[in-house]
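The file data.csv contains CSV, C-alpha atoms:
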chain,number,residue,atom,x,y,z
A,1,PRO,CA,0.0,0.0,0.0
A,2,THR,CA,0.9,3.6,-0.6
A,3,PHE,CA,-0.5,6.6,1.3
A,4,VAL,CA,0.0,10.2,0.1
A,5,ILE,CA,-1.1,13.5,1.5
A,6,ALA,CA,-0.4,16.6,-0.8
A,7,TYR,CA,-1.0,20.3,-0.2
A,8,VAL,CA,-0.8,23.0,-2.9
A,9,ALA,CA,0.8,25.8,-0.9
A,10,ALA,CA,1.0,28.1,-3.9
A,11,ASP,CA,0.5,27.9,-7.7
A,12,ASN,CA,3.9,26.3,-8.2
A,13,VAL,CA,4.6,24.9,-4.7
A,14,ASN,CA,3.5,21.4,-3.7
A,15,LEU,CA,4.1,19.9,-0.3
A,16,TYR,CA,3.6,16.2,0.4
A,17,ALA,CA,3.9,13.4,2.9
A,18,LYS,CA,4.1,9.8,1.8
A,19,ALA,CA,4.1,6.4,3.5
A,20,VAL,CA,4.8,3.2,1.5
A,21,LYS,CA,5.0,-0.5,2.6
A,22,GLY,CA,7.1,-2.8,0.4
A,23,TYR,CA,8.8,-6.1,0.3
A,24,LYS,CA,11.4,-8.1,-1.5
A,25,THR,CA,10.6,-11.8,-1.9
A,26,GLY,CA,12.8,-14.6,-0.5
A,27,GLY,CA,14.6,-17.3,-2.5
A,28,PHE,CA,17.6,-19.5,-2.8
A,29,ASN,CA,21.2,-18.5,-3.4
A,30,THR,CA,23.1,-20.5,-6.0
A,31,ARG,CA,26.4,-19.2,-4.7
A,32,ALA,CA,25.7,-20.5,-1.2
A,33,SER,CA,28.7,-21.7,0.8
A,34,SER,CA,27.2,-25.1,1.4
A,35,SER,CA,24.2,-27.3,0.3
A,36,ALA,CA,22.7,-26.8,3.7
A,37,ARG,CA,22.8,-23.0,3.3
A,38,PHE,CA,21.3,-23.4,-0.2
A,39,ASN,CA,18.5,-25.6,1.1
A,40,ALA,CA,17.7,-23.3,3.9
A,41,GLY,CA,17.1,-20.4,1.5
A,42,PHE,CA,16.3,-16.9,2.8
A,43,GLY,CA,13.1,-15.2,3.6
A,44,GLU,CA,11.5,-12.0,2.3
A,45,GLU,CA,12.4,-8.6,3.6
A,46,THR,CA,9.8,-5.9,4.3
A,47,LEU,CA,10.0,-2.2,4.9
A,48,TRP,CA,7.9,0.9,5.7
A,49,SER,CA,9.2,4.0,4.0
A,50,TYR,CA,8.2,7.6,5.0
A,51,GLU,CA,9.0,10.8,3.0
A,52,LEU,CA,8.3,14.5,3.4
A,53,GLY,CA,9.0,16.8,0.5
A,54,MET,CA,8.5,19.9,-1.6
A,55,LYS,CA,8.3,20.3,-5.3
A,56,SER,CA,8.4,23.9,-6.6
A,57,GLN,CA,9.0,26.1,-9.6
A,58,PHE,CA,9.7,29.9,-9.5
A,59,LEU,CA,10.5,32.8,-11.8
A,60,ASP,CA,8.3,31.9,-14.7
A,61,ASN,CA,9.3,28.2,-14.4
A,62,ARG,CA,13.0,29.1,-14.9
A,63,VAL,CA,13.9,27.7,-11.4
A,64,ARG,CA,12.9,24.3,-10.1
A,65,LEU,CA,13.6,23.2,-6.5
A,66,ASN,CA,12.7,19.8,-5.2
A,67,VAL,CA,13.6,18.7,-1.6
A,68,ALA,CA,12.8,15.4,0.2
A,69,ALA,CA,13.6,13.9,3.5
A,70,PHE,CA,13.0,10.2,4.0
A,71,THR,CA,13.5,7.2,6.3
A,72,SER,CA,13.1,3.5,5.5
A,73,LYS,CA,12.7,1.0,8.3
A,74,TYR,CA,13.6,-2.6,7.2
A,75,ARG,CA,12.7,-5.9,8.9
A,76,ASP,CA,14.5,-9.1,8.0
A,77,ILE,CA,16.6,-7.2,5.5
A,78,GLN,CA,18.6,-9.4,3.1
A,79,ILE,CA,22.4,-9.1,3.3
A,80,ASN,CA,25.0,-10.7,1.1
A,81,VAL,CA,27.9,-12.0,3.0
A,82,GLN,CA,31.3,-13.3,1.8
A,83,SER,CA,31.3,-16.5,3.9
A,84,ASP,CA,34.9,-17.5,3.1
A,85,PRO,CA,37.3,-14.5,3.5
A,86,THR,CA,39.6,-16.0,0.8
A,87,ASP,CA,37.0,-17.1,-1.8
A,88,ILE,CA,34.7,-14.5,-3.3
A,89,ARG,CA,32.7,-17.2,-5.1
A,90,LYS,CA,31.1,-18.3,-1.8
A,91,THR,CA,28.5,-15.9,-0.5
A,92,ASP,CA,25.5,-16.4,1.6
A,93,VAL,CA,22.3,-14.3,1.6
A,94,LEU,CA,21.0,-13.9,5.2
A,95,ASN,CA,18.1,-12.2,6.8
A,96,ALA,CA,19.3,-9.6,9.2
A,97,GLY,CA,17.2,-8.3,12.0
A,98,ARG,CA,16.5,-4.6,11.4
A,99,ALA,CA,17.9,-1.7,9.5
A,100,ASN,CA,17.2,1.9,9.0
A,101,VAL,CA,18.1,4.1,6.0
A,102,LYS,CA,17.4,7.9,6.3
A,103,GLY,CA,18.5,10.8,4.3
A,104,ILE,CA,17.9,14.0,2.4
A,105,GLU,CA,17.8,14.7,-1.4
A,106,ALA,CA,17.8,18.1,-3.0
A,107,ASP,CA,17.6,19.0,-6.7
A,108,LEU,CA,18.0,22.5,-8.2
A,109,THR,CA,17.5,23.3,-11.9
A,110,VAL,CA,18.0,26.8,-13.3
A,111,VAL,CA,17.4,28.1,-16.9
A,112,PRO,CA,19.1,31.5,-16.9
A,113,VAL,CA,18.8,32.0,-20.7
A,114,LYS,CA,17.0,30.1,-23.4
A,115,GLY,CA,18.8,26.9,-24.3
A,116,LEU,CA,21.0,26.7,-21.2
A,117,ARG,CA,20.1,24.4,-18.3
A,118,LEU,CA,22.1,24.2,-15.1
A,119,THR,CA,21.4,21.4,-12.6
A,120,ALA,CA,22.8,20.6,-9.1
A,121,ASN,CA,21.7,17.8,-6.8
A,122,TYR,CA,22.9,16.7,-3.4
A,123,GLY,CA,22.3,13.6,-1.3
A,124,TYR,CA,22.9,12.7,2.3
A,125,LEU,CA,22.5,9.1,3.4
A,126,ASP,CA,22.7,7.5,6.9
A,127,ALA,CA,22.3,3.7,6.6
A,128,LYS,CA,22.7,1.5,9.6
A,129,TYR,CA,21.9,-2.0,10.7
A,130,GLY,CA,19.9,-1.8,13.9
A,131,LYS,CA,19.9,-5.5,14.9
A,132,ILE,CA,21.5,-8.6,13.4
A,133,THR,CA,21.3,-11.8,15.5
A,134,ASP,CA,23.6,-14.9,15.0
A,135,VAL,CA,22.6,-18.5,15.7
A,136,THR,CA,23.1,-17.9,19.5
A,137,GLY,CA,20.8,-14.9,19.5
A,138,THR,CA,23.6,-12.4,20.0
A,139,ASP,CA,23.3,-9.0,18.4
A,140,ILE,CA,26.3,-8.7,16.0
A,141,SER,CA,25.1,-5.6,14.1
A,142,ASP,CA,28.4,-3.8,15.0
A,143,GLN,CA,30.2,-6.2,12.6
A,144,PHE,CA,28.2,-5.1,9.6
A,145,ARG,CA,28.0,-2.0,7.4
A,146,PHE,CA,25.8,-1.0,4.4
A,147,ILE,CA,27.7,-1.4,1.2
A,148,ASN,CA,27.6,1.2,-1.6
A,149,ALA,CA,26.0,3.8,0.6
A,150,PRO,CA,28.2,7.0,0.7
A,151,LYS,CA,27.1,9.5,3.3
A,152,HIS,CA,27.5,12.5,0.9
A,153,SER,CA,27.2,12.7,-2.9
A,154,TYR,CA,26.5,15.5,-5.4
A,155,ALA,CA,26.3,16.1,-9.1
A,156,LEU,CA,26.6,19.2,-11.3
A,157,ASP,CA,25.4,19.4,-14.9
A,158,ALA,CA,25.4,22.1,-17.5
A,159,THR,CA,23.7,21.6,-20.9
A,160,TYR,CA,23.4,24.1,-23.8
A,161,THR,CA,21.2,23.5,-26.8
A,162,SER,CA,21.4,25.9,-29.7
A,163,PRO,CA,18.5,27.1,-31.9
A,164,ASP,CA,17.7,25.0,-35.0
A,165,LEU,CA,20.5,25.7,-37.5
A,166,GLY,CA,18.6,24.1,-40.4
A,167,PHE,CA,20.7,21.0,-40.4
A,168,GLY,CA,20.1,20.3,-36.6
A,169,SER,CA,21.0,21.8,-33.3
A,170,ILE,CA,24.3,21.7,-31.4
A,171,GLU,CA,24.1,20.3,-27.9
A,172,ALA,CA,27.0,20.6,-25.4
A,173,ASN,CA,27.0,19.0,-22.0
A,174,VAL,CA,29.5,19.0,-19.1
A,175,ASN,CA,28.9,17.1,-15.9
A,176,TYR,CA,30.7,16.3,-12.7
A,177,ASN,CA,29.6,13.5,-10.2
A,178,TRP,CA,31.2,13.1,-6.8
A,179,GLN,CA,30.6,10.6,-4.0
A,180,GLY,CA,32.1,10.2,-0.6
A,181,LYS,CA,33.8,7.1,0.7
A,182,ARG,CA,31.7,3.9,1.0
A,183,TYR,CA,32.0,0.3,2.3
A,184,SER,CA,32.3,-2.4,-0.4
A,185,THR,CA,32.0,-5.4,2.0
A,186,SER,CA,29.1,-5.8,4.5
A,187,ASN,CA,30.8,-8.1,6.9
A,188,LEU,CA,33.7,-6.4,8.7
A,189,THR,CA,35.0,-9.7,10.1
A,190,SER,CA,36.0,-10.7,6.5
A,191,GLY,CA,38.0,-7.5,6.2
A,192,THR,CA,37.2,-3.8,6.2
A,193,TYR,CA,37.2,-2.6,2.6
A,194,ILE,CA,36.4,1.1,1.9
A,195,ILE,CA,36.3,2.7,-1.5
A,196,GLY,CA,37.6,6.3,-1.1
A,197,SER,CA,35.8,9.4,-2.3
A,198,TYR,CA,36.1,10.4,-5.9
A,199,GLY,CA,34.6,12.6,-8.6
A,200,LEU,CA,34.3,12.1,-12.4
A,201,LEU,CA,34.2,14.8,-15.0
A,202,ASN,CA,32.5,14.0,-18.3
A,203,ALA,CA,31.6,16.0,-21.4
A,204,ARG,CA,29.7,15.5,-24.7
A,205,LEU,CA,29.3,17.6,-27.9
A,206,SER,CA,26.5,16.5,-30.2
A,207,LEU,CA,24.6,17.5,-33.3
A,208,VAL,CA,21.0,16.6,-32.6
A,209,ASP,CA,17.7,16.6,-34.5
A,210,ILE,CA,19.4,16.2,-37.9
A,211,PRO,CA,16.5,16.0,-40.4
A,212,VAL,CA,17.3,12.6,-41.7
A,213,ALA,CA,14.7,9.8,-41.3
A,214,LYS,CA,12.7,10.7,-38.1
A,215,SER,CA,15.8,12.0,-36.2
A,216,LEU,CA,19.5,11.5,-36.4
A,217,ARG,CA,22.2,12.5,-33.9
A,218,VAL,CA,25.9,12.3,-33.8
A,219,GLY,CA,28.1,13.0,-30.8
A,220,VAL,CA,31.7,12.9,-29.5
A,221,PHE,CA,32.2,12.3,-25.8
A,222,GLY,CA,34.8,12.0,-23.1
A,223,ARG,CA,34.4,10.2,-19.8
A,224,ASN,CA,36.6,10.6,-16.7
A,225,LEU,CA,38.4,13.5,-18.3
A,226,LEU,CA,40.6,14.0,-15.3
A,227,ASP,CA,41.8,10.3,-15.6
A,228,LYS,CA,40.8,9.6,-12.0
A,229,GLU,CA,41.9,6.2,-10.7
A,230,TYR,CA,39.2,4.7,-8.6
A,231,TYR,CA,37.6,1.4,-7.5
A,232,ILE,CA,34.2,0.2,-8.3
A,233,ALA,CA,34.6,-2.9,-6.2
A,234,HIS,CA,37.0,-4.0,-3.5
A,235,PHE,CA,37.2,-7.4,-1.9
A,236,ASN,CA,39.3,-10.2,-0.4
A,237,VAL,CA,40.6,-13.1,-2.6
A,238,GLY,CA,43.2,-14.2,0.0
A,239,VAL,CA,44.9,-10.9,-0.7
A,240,PRO,CA,43.2,-7.5,-1.2
A,241,GLY,CA,41.6,-7.4,-4.7
A,242,ALA,CA,39.8,-4.7,-6.6
A,243,ILE,CA,38.1,-3.9,-9.9
A,244,PHE,CA,39.0,-0.4,-11.2
A,245,GLY,CA,36.7,2.0,-13.0
A,246,GLU,CA,37.3,3.0,-16.6
A,247,PRO,CA,40.2,5.4,-17.2
A,248,ARG,CA,39.9,8.4,-19.4
A,249,THR,CA,37.8,7.4,-22.4
A,250,TYR,CA,36.9,9.1,-25.7
A,251,GLY,CA,34.4,8.0,-28.3
A,252,ILE,CA,31.9,8.9,-31.0
A,253,ASP,CA,28.4,7.6,-31.4
A,254,LEU,CA,25.6,7.8,-34.0
A,255,THR,CA,21.9,7.3,-33.2
A,256,ALA,CA,19.0,7.2,-35.6
A,257,GLU,CA,15.3,7.0,-34.9
A,258,PHE,CA,12.7,5.8,-37.4

Written as structure tokens, how would this file's structure read?
Amino acid sequence: PTFVIAYVAADNVNLYAKAVKGYKTGGFNTRASSSARFNAGFGEETLWSYELGMKSQFLDNRVRLNVAAFTSKYRDIQINVQSDPTDIRKTDVLNAGRANVKGIEADLTVVPVKGLRLTANYGYLDAKYGKITDVTGTDISDQFRFINAPKHSYALDATYTSPDLGFGSIEANVNYNWQGKRYSTSNLTSGTYIIGSYGLLNARLSLVDIPVAKSLRVGVFGRNLLDKEYYIAHFNVGVPGAIFGEPRTYGIDLTAEF
């Protein structure tokens, strides 16, 4: 079920409160550490999520500001654990006791002149396990952390689209995405692996709406222009192991619609 209360505070300002109940079904883990673990399977997880927010537009719809604060309360949350510290192939999905994820999200979009759009968004996340019990009934939640849940993150984006030039429009985009440090393993007893904070700068220059067929676009792009070295995964394979993100990359693409 979903429950929403909304209030139109002004012509372009909407305030709302929302409550949602959800679940993720249980199942069987084909990478379980033993046949007994596989046969036992894992149960569903459930949550209640609550959100308060505002959606608004100002200055003849040239400024848009959306803000939301939320909290999600999990029961029997499913966690993926590397059971053997030296073998990443063996993982078990277990039902933890309780967890709480809360945070704030804010998005700001500004159109200062025709064709130019500036966007900024920020996210704050506080994710914690409240209770995890082992086979003896002992609370071991202090041994676990949420993975891929940076406390702070933000993104900046600037896009300019020119007027129709007869053979299409020129579209230029520059964006920067940053995220704070995050855990990459949930079970600290298998080793504490933290991916440090990093930011990625990307850009694209395209010719769009070329009047061929229905629409044709061609673009050149660059990803990770600062050639930042960063992990996308970090784990234990007997010794510390990691998968790196893509280095500086350039390319060209062509897209046609019919």

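Remark: for Gly180 in chain A, the closest of the candidate residues A:Ala149, A:Ala158, A:Val81, A:Leu207 is A:Ala149 (distances computed over only C-alpha atoms).
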
Do a neighbour search on Asp92 in chain A at 9 Å with all atoms listed in the file, toss out local chain neighbours closer than 4 positions, and write the hits as a ChimeraX atom specification. /A:29-34,37-38,79-83

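Taking CA of Leu205 in chain A and CA of Val174 in chain A as endpoints, the distance between them is 8.9 Å.
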
Would you kindly identify which residues have an atom no farther than 8 Å from (6.5, -6.1, 5.9), using only C-alpha atoms and the file's own coordinates, and write them out as JSON, numbers by chain? {"A": [21, 22, 23, 45, 46, 47, 48, 75]}

List as a list in words the protein and nucleic acid residues near Glu44 in chain A, meaning an atom at most 9 Å away when all atoms listed in the file are counted, but skip any in the same chain fewer than 5 places from it. Tyr23, Lys24, Thr25, Gly26, Gly27, Asp76, Ile77, Gln78 and Asn95 of chain A

Go through A:Ile210, A:Tyr176, A:Leu65, A:Phe258 and flag the residue nearest Leu225 in chain A, using all atoms listed in the file for the distances. A:Tyr176

In terms of the shortest atom-to-atom distance over only C-alpha atoms, which of A:Asp209, A:Asp142, A:Asp164, A:Glu229 is closest to Leu188 in chain A? A:Asp142

With distances taken over all atoms listed in the file, which of A:Gly166, A:Gly238, A:Gly219, A:Gly41 is nearest to Thr255 in chain A? A:Gly219
